[in-house]
Structure formats: C-alpha cells, structure tokens
file model26.tsv (TSV, N, CA and C atoms)
chain	number	residue	atom	x	y	z
N	199	GLN	N	-14.37	-0.82	16.00
N	199	GLN	CA	-13.82	-1.81	15.08
N	199	GLN	C	-13.34	-1.09	13.82
N	200	VAL	N	-12.18	-1.51	13.33
N	200	VAL	CA	-11.57	-0.86	12.17
N	200	VAL	C	-11.52	-1.86	11.02
N	201	GLN	N	-11.89	-1.39	9.84
N	201	GLN	CA	-11.80	-2.22	8.64
N	201	GLN	C	-10.88	-1.56	7.63
N	202	VAL	N	-10.05	-2.38	7.01
N	202	VAL	CA	-9.11	-1.90	6.01
N	202	VAL	C	-9.35	-2.70	4.74
N	203	VAL	N	-9.63	-2.02	3.65
N	203	VAL	CA	-9.97	-2.71	2.40
N	203	VAL	C	-9.14	-2.15	1.25
N	204	GLU	N	-8.40	-3.05	0.59
N	204	GLU	CA	-7.62	-2.66	-0.58
N	204	GLU	C	-8.39	-2.97	-1.85
N	205	SER	N	-8.05	-2.25	-2.91
N	205	SER	CA	-8.62	-2.53	-4.23
N	205	SER	C	-7.66	-2.03	-5.29
N	206	GLY	N	-7.87	-2.50	-6.52
N	206	GLY	CA	-7.10	-1.98	-7.64
N	206	GLY	C	-6.05	-2.91	-8.20
N	207	GLY	N	-5.86	-4.07	-7.62
N	207	GLY	CA	-4.86	-4.99	-8.16
N	207	GLY	C	-5.31	-5.60	-9.47
N	208	GLY	N	-4.41	-6.35	-10.08
N	208	GLY	CA	-4.75	-7.01	-11.33
N	208	GLY	C	-3.53	-7.47	-12.08
N	209	LEU	N	-3.75	-7.82	-13.34
N	209	LEU	CA	-2.68	-8.28	-14.22
N	209	LEU	C	-2.30	-7.14	-15.16
N	210	VAL	N	-1.01	-6.89	-15.26
N	210	VAL	CA	-0.53	-5.81	-16.13
N	210	VAL	C	0.77	-6.25	-16.79
N	211	GLN	N	1.02	-5.74	-17.97
N	211	GLN	CA	2.25	-6.08	-18.68
N	211	GLN	C	3.42	-5.28	-18.12
N	212	PRO	N	4.63	-5.80	-18.27
N	212	PRO	CA	5.81	-5.03	-17.85
N	212	PRO	C	5.82	-3.65	-18.50
N	213	GLY	N	6.15	-2.65	-17.68
N	213	GLY	CA	6.14	-1.28	-18.16
N	213	GLY	C	4.81	-0.58	-17.96
N	214	GLY	N	3.81	-1.33	-17.57
N	214	GLY	CA	2.48	-0.76	-17.38
N	214	GLY	C	2.30	-0.10	-16.02
N	215	SER	N	1.08	0.34	-15.76
N	215	SER	CA	0.76	1.05	-14.52
N	215	SER	C	-0.49	0.47	-13.86
N	216	LEU	N	-0.53	0.62	-12.55
N	216	LEU	CA	-1.71	0.29	-11.77
N	216	LEU	C	-1.82	1.29	-10.62
N	217	ARG	N	-3.04	1.49	-10.15
N	217	ARG	CA	-3.26	2.34	-8.99
N	217	ARG	C	-4.02	1.55	-7.94
N	218	LEU	N	-3.41	1.38	-6.78
N	218	LEU	CA	-4.06	0.70	-5.66
N	218	LEU	C	-4.71	1.73	-4.75
N	219	SER	N	-5.81	1.32	-4.14
N	219	SER	CA	-6.51	2.16	-3.17
N	219	SER	C	-6.69	1.38	-1.88
N	220	CYS	N	-6.72	2.11	-0.77
N	220	CYS	CA	-6.96	1.51	0.54
N	220	CYS	C	-7.91	2.42	1.30
N	221	ALA	N	-9.03	1.87	1.71
N	221	ALA	CA	-10.03	2.62	2.47
N	221	ALA	C	-10.10	2.08	3.89
N	222	VAL	N	-10.03	2.98	4.85
N	222	VAL	CA	-10.11	2.61	6.27
N	222	VAL	C	-11.41	3.15	6.84
N	223	SER	N	-12.15	2.29	7.51
N	223	SER	CA	-13.42	2.72	8.09
N	223	SER	C	-13.54	2.17	9.50
N	224	GLY	N	-14.47	2.75	10.26
N	224	GLY	CA	-14.69	2.29	11.62
N	224	GLY	C	-14.72	3.43	12.61
N	225	SER	N	-14.60	3.06	13.86
N	225	SER	CA	-14.69	4.04	14.94
N	225	SER	C	-13.30	4.38	15.45
N	226	PHE	N	-12.79	5.52	15.04
N	226	PHE	CA	-11.49	5.99	15.51
N	226	PHE	C	-11.40	7.48	15.27
N	227	PHE	N	-10.45	8.12	15.97
N	227	PHE	CA	-10.32	9.57	15.85
N	227	PHE	C	-9.49	9.96	14.64
N	228	SER	N	-8.31	9.36	14.52
N	228	SER	CA	-7.45	9.68	13.39
N	228	SER	C	-6.46	8.55	13.14
N	229	ILE	N	-5.91	8.55	11.93
N	229	ILE	CA	-4.92	7.55	11.54
N	229	ILE	C	-3.54	8.19	11.66
N	230	TYR	N	-2.64	7.56	12.40
N	230	TYR	CA	-1.30	8.13	12.56
N	230	TYR	C	-0.49	8.02	11.27
N	231	SER	N	-0.39	6.85	10.74
N	231	SER	CA	0.33	6.67	9.48
N	231	SER	C	-0.26	5.48	8.74
N	232	MET	N	0.02	5.44	7.45
N	232	MET	CA	-0.45	4.36	6.59
N	232	MET	C	0.68	3.89	5.70
N	233	GLY	N	0.58	2.66	5.27
N	233	GLY	CA	1.64	2.16	4.42
N	233	GLY	C	1.19	1.01	3.55
N	234	TRP	N	1.98	0.76	2.52
N	234	TRP	CA	1.79	-0.38	1.63
N	234	TRP	C	2.95	-1.35	1.84
N	235	TYR	N	2.61	-2.61	1.95
N	235	TYR	CA	3.57	-3.69	2.05
N	235	TYR	C	3.24	-4.70	0.97
N	236	ARG	N	4.21	-5.55	0.65
N	236	ARG	CA	3.93	-6.60	-0.33
N	236	ARG	C	4.64	-7.89	0.07
N	237	GLN	N	4.06	-8.98	-0.39
N	237	GLN	CA	4.64	-10.29	-0.12
N	237	GLN	C	4.57	-11.14	-1.37
N	238	ALA	N	5.73	-11.50	-1.87
N	238	ALA	CA	5.81	-12.37	-3.03
N	238	ALA	C	5.89	-13.82	-2.56
N	239	PRO	N	5.54	-14.78	-3.41
N	239	PRO	CA	5.58	-16.19	-3.01
N	239	PRO	C	6.96	-16.59	-2.51
N	240	GLY	N	6.99	-17.21	-1.34
N	240	GLY	CA	8.24	-17.68	-0.78
N	240	GLY	C	9.11	-16.62	-0.14
N	241	LYS	N	8.59	-15.39	-0.07
N	241	LYS	CA	9.37	-14.30	0.50
N	241	LYS	C	8.63	-13.68	1.69
N	242	GLN	N	9.39	-12.93	2.49
N	242	GLN	CA	8.78	-12.25	3.61
N	242	GLN	C	8.07	-10.98	3.15
N	243	ARG	N	7.12	-10.55	3.96
N	243	ARG	CA	6.43	-9.30	3.66
N	243	ARG	C	7.43	-8.15	3.81
N	244	GLU	N	7.38	-7.21	2.85
N	244	GLU	CA	8.33	-6.10	2.89
N	244	GLU	C	7.61	-4.77	2.70
N	245	LEU	N	8.23	-3.73	3.24
N	245	LEU	CA	7.69	-2.39	3.09
N	245	LEU	C	7.86	-1.92	1.66
N	246	VAL	N	6.80	-1.33	1.13
N	246	VAL	CA	6.87	-0.69	-0.19
N	246	VAL	C	6.97	0.82	-0.01
N	247	ALA	N	6.04	1.38	0.77
N	247	ALA	CA	6.03	2.82	1.00
N	247	ALA	C	5.15	3.12	2.20
N	248	ARG	N	5.48	4.21	2.90
N	248	ARG	CA	4.66	4.67	4.03
N	248	ARG	C	4.46	6.17	3.91
N	249	ILE	N	3.36	6.63	4.49
N	249	ILE	CA	3.08	8.06	4.55
N	249	ILE	C	2.54	8.38	5.93
N	250	ALA	N	3.18	9.35	6.58
N	250	ALA	CA	2.78	9.73	7.93
N	250	ALA	C	1.70	10.79	7.89
N	251	ASN	N	1.18	11.12	9.06
N	251	ASN	CA	0.09	12.07	9.16
N	251	ASN	C	0.44	13.43	8.56
N	252	GLY	N	1.68	13.83	8.68
N	252	GLY	CA	2.09	15.12	8.15
N	252	GLY	C	2.47	15.09	6.69
N	253	GLY	N	2.35	13.93	6.08
N	253	GLY	CA	2.66	13.81	4.66
N	253	GLY	C	4.06	13.35	4.35
N	254	VAL	N	4.86	13.08	5.38
N	254	VAL	CA	6.22	12.60	5.13
N	254	VAL	C	6.15	11.17	4.59
N	255	THR	N	6.90	10.93	3.53
N	255	THR	CA	6.86	9.62	2.88
N	255	THR	C	8.22	8.95	2.91
N	256	ASN	N	8.21	7.64	2.83
N	256	ASN	CA	9.45	6.90	2.60
N	256	ASN	C	9.13	5.70	1.73
N	257	TYR	N	10.10	5.33	0.92
N	257	TYR	CA	9.93	4.27	-0.08
N	257	TYR	C	11.04	3.25	0.01
N	258	ALA	N	10.72	2.03	-0.37
N	258	ALA	CA	11.76	1.03	-0.57
N	258	ALA	C	12.60	1.45	-1.76
N	259	ASP	N	13.89	1.16	-1.70
N	259	ASP	CA	14.79	1.56	-2.79
N	259	ASP	C	14.32	0.98	-4.13
N	260	SER	N	13.75	-0.20	-4.09
N	260	SER	CA	13.37	-0.89	-5.32
N	260	SER	C	12.22	-0.21	-6.07
N	261	VAL	N	11.49	0.68	-5.39
N	261	VAL	CA	10.35	1.33	-6.04
N	261	VAL	C	10.50	2.84	-6.19
N	262	LYS	N	11.58	3.38	-5.65
N	262	LYS	CA	11.79	4.83	-5.73
N	262	LYS	C	11.82	5.30	-7.19
N	263	GLY	N	11.09	6.37	-7.45
N	263	GLY	CA	11.03	6.90	-8.80
N	263	GLY	C	9.98	6.25	-9.67
N	264	ARG	N	9.40	5.15	-9.23
N	264	ARG	CA	8.37	4.45	-10.01
N	264	ARG	C	7.01	4.48	-9.32
N	265	PHE	N	7.01	4.39	-8.00
N	265	PHE	CA	5.77	4.35	-7.22
N	265	PHE	C	5.60	5.67	-6.47
N	266	THR	N	4.34	6.07	-6.30
N	266	THR	CA	4.02	7.27	-5.54
N	266	THR	C	2.88	6.97	-4.58
N	267	ILE	N	3.12	7.22	-3.30
N	267	ILE	CA	2.11	7.03	-2.28
N	267	ILE	C	1.44	8.37	-1.99
N	268	SER	N	0.14	8.34	-1.78
N	268	SER	CA	-0.58	9.56	-1.42
N	268	SER	C	-1.72	9.20	-0.50
N	269	ARG	N	-2.30	10.24	0.08
N	269	ARG	CA	-3.31	10.00	1.12
N	269	ARG	C	-4.34	11.13	1.11
N	270	ASP	N	-5.59	10.76	1.25
N	270	ASP	CA	-6.68	11.71	1.43
N	270	ASP	C	-7.17	11.54	2.86
N	271	SER	N	-6.66	12.35	3.76
N	271	SER	CA	-6.98	12.19	5.17
N	271	SER	C	-8.46	12.39	5.46
N	272	ALA	N	-9.10	13.26	4.72
N	272	ALA	CA	-10.52	13.53	4.95
N	272	ALA	C	-11.37	12.29	4.65
N	273	LYS	N	-10.89	11.46	3.74
N	273	LYS	CA	-11.63	10.25	3.35
N	273	LYS	C	-11.02	8.99	3.95
N	274	ASN	N	-9.97	9.15	4.77
N	274	ASN	CA	-9.28	7.98	5.34
N	274	ASN	C	-8.91	6.98	4.25
N	275	THR	N	-8.37	7.49	3.18
N	275	THR	CA	-8.04	6.67	2.01
N	275	THR	C	-6.59	6.93	1.59
N	276	MET	N	-5.94	5.88	1.15
N	276	MET	CA	-4.55	5.97	0.70
N	276	MET	C	-4.45	5.34	-0.68
N	277	TYR	N	-3.50	5.83	-1.45
N	277	TYR	CA	-3.32	5.33	-2.81
N	277	TYR	C	-1.86	4.97	-3.06
N	278	LEU	N	-1.65	4.10	-4.02
N	278	LEU	CA	-0.31	3.79	-4.49
N	278	LEU	C	-0.35	3.76	-6.01
N	279	GLN	N	0.24	4.78	-6.61
N	279	GLN	CA	0.37	4.82	-8.07
N	279	GLN	C	1.64	4.09	-8.45
N	280	MET	N	1.50	3.05	-9.22
N	280	MET	CA	2.65	2.21	-9.60
N	280	MET	C	2.86	2.33	-11.10
N	281	ASN	N	4.02	2.87	-11.48
N	281	ASN	CA	4.36	3.03	-12.90
N	281	ASN	C	5.58	2.19	-13.23
N	282	THR	N	5.78	1.99	-14.50
N	282	THR	CA	6.93	1.21	-14.99
N	282	THR	C	7.07	-0.09	-14.21
N	283	LEU	N	5.98	-0.82	-14.14
N	283	LEU	CA	5.97	-2.05	-13.36
N	283	LEU	C	6.89	-3.11	-13.97
N	284	LYS	N	7.48	-3.89	-13.07
N	284	LYS	CA	8.42	-4.95	-13.46
N	284	LYS	C	7.88	-6.29	-12.96
N	285	PRO	N	8.30	-7.38	-13.58
N	285	PRO	CA	7.85	-8.69	-13.10
N	285	PRO	C	8.15	-8.91	-11.61
N	286	GLU	N	9.25	-8.34	-11.13
N	286	GLU	CA	9.60	-8.52	-9.72
N	286	GLU	C	8.70	-7.73	-8.77
N	287	ASP	N	7.80	-6.93	-9.31
N	287	ASP	CA	6.81	-6.26	-8.48
N	287	ASP	C	5.60	-7.16	-8.20
N	288	THR	N	5.57	-8.32	-8.83
N	288	THR	CA	4.47	-9.25	-8.61
N	288	THR	C	4.43	-9.70	-7.16
N	289	ALA	N	3.28	-9.51	-6.53
N	289	ALA	CA	3.12	-9.84	-5.11
N	289	ALA	C	1.68	-9.55	-4.69
N	290	VAL	N	1.37	-9.97	-3.48
N	290	VAL	CA	0.14	-9.51	-2.84
N	290	VAL	C	0.48	-8.23	-2.09
N	291	TYR	N	-0.27	-7.19	-2.35
N	291	TYR	CA	-0.02	-5.89	-1.72
N	291	TYR	C	-1.02	-5.69	-0.59
N	292	TYR	N	-0.47	-5.32	0.56
N	292	TYR	CA	-1.28	-5.14	1.76
N	292	TYR	C	-1.24	-3.69	2.22
N	293	CYS	N	-2.36	-3.23	2.70
N	293	CYS	CA	-2.46	-1.90	3.28
N	293	CYS	C	-2.36	-2.02	4.80
N	294	ASN	N	-1.63	-1.11	5.40
N	294	ASN	CA	-1.47	-1.06	6.85
N	294	ASN	C	-1.86	0.33	7.36
N	295	ALA	N	-2.59	0.35	8.46
N	295	ALA	CA	-2.96	1.61	9.10
N	295	ALA	C	-2.60	1.53	10.57
N	296	GLN	N	-1.89	2.54	11.04
N	296	GLN	CA	-1.53	2.62	12.46
N	296	GLN	C	-2.48	3.59	13.15
N	297	ILE	N	-3.26	3.05	14.08
N	297	ILE	CA	-4.27	3.85	14.79
N	297	ILE	C	-4.15	3.58	16.28
N	298	MET	N	-3.88	4.62	17.05
N	298	MET	CA	-3.80	4.53	18.52
N	298	MET	C	-2.86	3.41	18.95
N	299	GLY	N	-1.73	3.30	18.28
N	299	GLY	CA	-0.73	2.32	18.65
N	299	GLY	C	-1.00	0.91	18.16
N	300	ASN	N	-2.07	0.72	17.43
N	300	ASN	CA	-2.40	-0.61	16.90
N	300	ASN	C	-2.20	-0.64	15.39
N	301	ASN	N	-1.84	-1.81	14.90
N	301	ASN	CA	-1.68	-2.02	13.46
N	301	ASN	C	-2.89	-2.76	12.90
N	302	TYR	N	-3.44	-2.23	11.84
N	302	TYR	CA	-4.57	-2.86	11.16
N	302	TYR	C	-4.17	-3.16	9.73
N	303	TRP	N	-4.55	-4.36	9.26
N	303	TRP	CA	-4.17	-4.82	7.92
N	303	TRP	C	-5.40	-5.15	7.08
N	304	GLY	N	-5.27	-4.92	5.79
N	304	GLY	CA	-6.28	-5.37	4.86
N	304	GLY	C	-6.03	-6.81	4.47
N	305	GLN	N	-6.91	-7.32	3.60
N	305	GLN	CA	-6.82	-8.72	3.18
N	305	GLN	C	-5.84	-8.90	2.04
N	306	GLY	N	-5.41	-7.82	1.44
N	306	GLY	CA	-4.43	-7.89	0.35
N	306	GLY	C	-5.08	-7.88	-1.02
N	307	THR	N	-4.33	-7.38	-1.99
N	307	THR	CA	-4.78	-7.38	-3.38
N	307	THR	C	-3.62	-7.85	-4.26
N	308	GLN	N	-3.92	-8.75	-5.17
N	308	GLN	CA	-2.87	-9.37	-6.00
N	308	GLN	C	-2.48	-8.44	-7.15
N	309	VAL	N	-1.18	-8.25	-7.31
N	309	VAL	CA	-0.63	-7.54	-8.46
N	309	VAL	C	0.28	-8.51	-9.20
N	310	THR	N	-0.02	-8.72	-10.47
N	310	THR	CA	0.78	-9.62	-11.29
N	310	THR	C	1.28	-8.87	-12.51
N	311	VAL	N	2.60	-8.86	-12.67
N	311	VAL	CA	3.22	-8.18	-13.81
N	311	VAL	C	3.82	-9.26	-14.71
N	312	SER	N	3.21	-9.42	-15.86
N	312	SER	CA	3.62	-10.50	-16.76
N	312	SER	C	3.17	-10.20	-18.17
N	313	SER	N	3.98	-10.67	-19.13
N	313	SER	CA	3.60	-10.52	-20.53
N	313	SER	C	2.87	-11.78	-21.01
call {"tool": "encode", "arguments": {"input": "model26.tsv", "output": "structure tokens"}}
result
Amino acid sequence: QVQVVESGGGLVQPGGSLRLSCAVSGSFFSIYSMGWYRQAPGKQRELVARIANGGVTNYADSVKGRFTISRDSAKNTMYLQMNTLKPEDTAVYYCNAQIMGNNYWGQGTQVTVSS
C-alpha cells in the first residue's frame, strides 16, 4: 500500500513564497516519476511540474522561472519551491507519484495567494 502526503500550503501575499513537500511511503521498490498538479475552483486539474527518476524536469509555462521542483530519492520526498506567487496560483496542489505503472495521489494542500 502506498501513501502520498502533501504539506506546506497556506495563505501568502502576492509576490511571496511557499515551499510544498510531498512524502511517499509504503511498500514499493522505487518511484518512476513524481509531479505536482493543481486545481483551481471551476477548473480542471493541470500539471504544474514533474521530475523523472533521472532528474529531468518539465514545467507548465505559467510557472517557469518562478517554481522549482526537486526530489530527494533517498527519502522518497519531493518539493516545490514557489516564488513570486500570483493570485492566479491559488489552487489545491496535489502530489502525484508513478510507481510500477500506477498513479498515486495525495489529498491535496490549499495554496491561497491574496492580499
């Protein structure tokens, strides 16, 4: 059984920063890739950033240059450093882990950017 738990969300003013964390635990050999997705009210869930096992990353155009994804494979943990946050970044952020061809999701963490 695999568990995915996000943390680090909250309320921040425009221009501020937040760091999200995602911890994956359970019985598995290795994680193929991990990613952050977000869903704003009334919108579909969208990719924010992904990082593969070899460290290759990709980002949504809307966050390039502001967000940085990283991963500690030894701890099965992933991070998302979010800088220069904008109101349009407000959403529930979800962690995704791909393990043995299966997708595992966390419960989500709320990020609200507002003055």
call {"tool": "residues_around", "arguments": {"input": "model26.tsv", "residues": "Tyr277 in chain N", "least_positions_apart": "5", "cutoff": "6.5 Å", "atoms": "only N, CA and C atoms", "output": "PyMOL selection string"}}
result
chain N and resi 217-220+266-270
call {"tool": "axis_aligned_box", "arguments": {"input": "model26.tsv", "around": "range 299-311 of chain N", "padding_each_side": "8 Å", "output": "JSON"}}
result
{"center_x": -1.5, "center_y": -3.2, "center_z": 2.0, "size_x": 26.7, "size_y": 28.9, "size_z": 49.4}
call {"tool": "residues_around", "arguments": {"input": "model26.tsv", "residues": "Tyr291 in chain N", "least_positions_apart": "2", "cutoff": "5 Å", "atoms": "all atoms listed in the file", "output": "PyMOL selection string"}}
result
chain N and resi 235-236+289+293+306-308
call {"tool": "residues_around", "arguments": {"input": "model26.tsv", "residues": "Asn301 in chain N", "least_positions_apart": "6", "cutoff": "10 Å", "atoms": "only C-alpha atoms", "output": "MDAnalysis selection string"}}
result
chainID N and resid 231:232 294:295
call {"tool": "closest_residue", "arguments": {"input": "model26.tsv", "among": "N:Thr310, N:Ser223, N:Thr275, N:Ser260", "to": "Gln199 in chain N", "atoms": "all atoms listed in the file"}}
result
N:Ser223
call {"tool": "atom_distance", "arguments": {"input": "model26.tsv", "atom1": "atom C of Ser205 in chain N", "atom2": "atom N of Ala272 in chain N"}}
result
18.3 Å
call {"tool": "closest_residue", "arguments": {"input": "model26.tsv", "among": "N:Ser313, N:Gly208, N:Trp303, N:Glu244", "to": "Tyr257 in chain N", "atoms": "only C-alpha atoms"}}
result
N:Glu244
call {"tool": "closest_atom_pairs", "arguments": {"input": "model26.tsv", "of": "range 223-311 of chain N", "to": "range 211-215 of chain N", "cutoff": "6 Å", "atoms": "all atoms listed in the file", "output": "JSON lines"}}
result
{"residue": "N:Met280", "atom": "C", "partner": "N:Ser215", "partner_atom": "CA", "distance": 4.2}
{"residue": "N:Asn281", "atom": "CA", "partner": "N:Ser215", "partner_atom": "CA", "distance": 4.4}
{"residue": "N:Thr282", "atom": "CA", "partner": "N:Gly213", "partner_atom": "C", "distance": 4.1}
{"residue": "N:Leu283", "atom": "C", "partner": "N:Gly213", "partner_atom": "N", "distance": 3.8}
{"residue": "N:Lys284", "atom": "N", "partner": "N:Gly213", "partner_atom": "N", "distance": 5.0}
{"residue": "N:Pro285", "atom": "N", "partner": "N:Pro212", "partner_atom": "CA", "distance": 5.5}
{"residue": "N:Val311", "atom": "C", "partner": "N:Pro212", "partner_atom": "N", "distance": 5.0}
call {"tool": "write_last_selection", "arguments": {"input": "model26.tsv", "atoms": "N, CA and C atoms", "output": "mmCIF file, in the frame of the given file"}}
result
data_model
loop_
_atom_site.group_PDB
_atom_site.id
_atom_site.type_symbol
_atom_site.label_atom_id
_atom_site.label_comp_id
_atom_site.auth_asym_id
_atom_site.auth_seq_id
_atom_site.Cartn_x
_atom_site.Cartn_y
_atom_site.Cartn_z
ATOM 1 N N MET N 280 1.500 3.050 -9.220
ATOM 2 C CA MET N 280 2.650 2.210 -9.600
ATOM 3 C C MET N 280 2.860 2.330 -11.100
ATOM 4 N N ASN N 281 4.020 2.870 -11.480
ATOM 5 C CA ASN N 281 4.360 3.030 -12.900
ATOM 6 C C ASN N 281 5.580 2.190 -13.230
ATOM 7 N N THR N 282 5.780 1.990 -14.500
ATOM 8 C CA THR N 282 6.930 1.210 -14.990
ATOM 9 C C THR N 282 7.070 -0.090 -14.210
ATOM 10 N N LEU N 283 5.980 -0.820 -14.140
ATOM 11 C CA LEU N 283 5.970 -2.050 -13.360
ATOM 12 C C LEU N 283 6.890 -3.110 -13.970
ATOM 13 N N LYS N 284 7.480 -3.890 -13.070
ATOM 14 C CA LYS N 284 8.420 -4.950 -13.460
ATOM 15 C C LYS N 284 7.880 -6.290 -12.960
ATOM 16 N N PRO N 285 8.300 -7.380 -13.580
ATOM 17 C CA PRO N 285 7.850 -8.690 -13.100
ATOM 18 C C PRO N 285 8.150 -8.910 -11.610
ATOM 19 N N VAL N 311 2.600 -8.860 -12.670
ATOM 20 C CA VAL N 311 3.220 -8.180 -13.810
ATOM 21 C C VAL N 311 3.820 -9.260 -14.710
#
call {"tool": "closest_residue", "arguments": {"input": "model26.tsv", "among": "N:Ala221, N:Phe265, N:Ile229, N:Asn256", "to": "Leu278 in chain N", "atoms": "only N, CA and C atoms"}}
result
N:Phe265
call {"tool": "select_by_dssp", "arguments": {"input": "model26.tsv", "residues": "chain N", "states": "strand (DSSP E or B)", "output": "ChimeraX atom specification"}}
result
/N:200-205,208-210,216-224,231-237,244-250,255-257,265-270,275-280,289-297,300-303,307-311
call {"tool": "atom_distance", "arguments": {"input": "model26.tsv", "atom1": "CA of Val246 in chain N", "atom2": "CA of Val261 in chain N"}}
result
7.1 Å
call {"tool": "atom_distance", "arguments": {"input": "model26.tsv", "atom1": "CA of Asn274 in chain N", "atom2": "CA of Val309 in chain N"}}
result
22.5 Å
call {"tool": "residues_around", "arguments": {"input": "model26.tsv", "residues": "Ser225 in chain N", "least_positions_apart": "2", "cutoff": "10 Å", "atoms": "only C-alpha atoms", "output": "mmCIF file with N, CA and C atoms, in the frame of the given file"}}
result
data_model
loop_
_atom_site.group_PDB
_atom_site.id
_atom_site.type_symbol
_atom_site.label_atom_id
_atom_site.label_comp_id
_atom_site.auth_asym_id
_atom_site.auth_seq_id
_atom_site.Cartn_x
_atom_site.Cartn_y
_atom_site.Cartn_z
ATOM 1 N N GLN N 199 -14.370 -0.820 16.000
ATOM 2 C CA GLN N 199 -13.820 -1.810 15.080
ATOM 3 C C GLN N 199 -13.340 -1.090 13.820
ATOM 4 N N VAL N 200 -12.180 -1.510 13.330
ATOM 5 C CA VAL N 200 -11.570 -0.860 12.170
ATOM 6 C C VAL N 200 -11.520 -1.860 11.020
ATOM 7 N N GLN N 201 -11.890 -1.390 9.840
ATOM 8 C CA GLN N 201 -11.800 -2.220 8.640
ATOM 9 C C GLN N 201 -10.880 -1.560 7.630
ATOM 10 N N VAL N 222 -10.030 2.980 4.850
ATOM 11 C CA VAL N 222 -10.110 2.610 6.270
ATOM 12 C C VAL N 222 -11.410 3.150 6.840
ATOM 13 N N SER N 223 -12.150 2.290 7.510
ATOM 14 C CA SER N 223 -13.420 2.720 8.090
ATOM 15 C C SER N 223 -13.540 2.170 9.500
ATOM 16 N N PHE N 227 -10.450 8.120 15.970
ATOM 17 C CA PHE N 227 -10.320 9.570 15.850
ATOM 18 C C PHE N 227 -9.490 9.960 14.640
ATOM 19 N N SER N 228 -8.310 9.360 14.520
ATOM 20 C CA SER N 228 -7.450 9.680 13.390
ATOM 21 C C SER N 228 -6.460 8.550 13.140
#
call {"tool": "closest_residue", "arguments": {"input": "model26.tsv", "among": "N:Ala258, N:Met298, N:Val290, N:Ile249", "to": "Ser271 in chain N", "atoms": "only C-alpha atoms"}}
result
N:Ile249
call {"tool": "closest_residue", "arguments": {"input": "model26.tsv", "among": "N:Ala250, N:Val210, N:Tyr230, N:Gln237", "to": "Tyr292 in chain N", "atoms": "only N, CA and C atoms"}}
result
N:Gln237
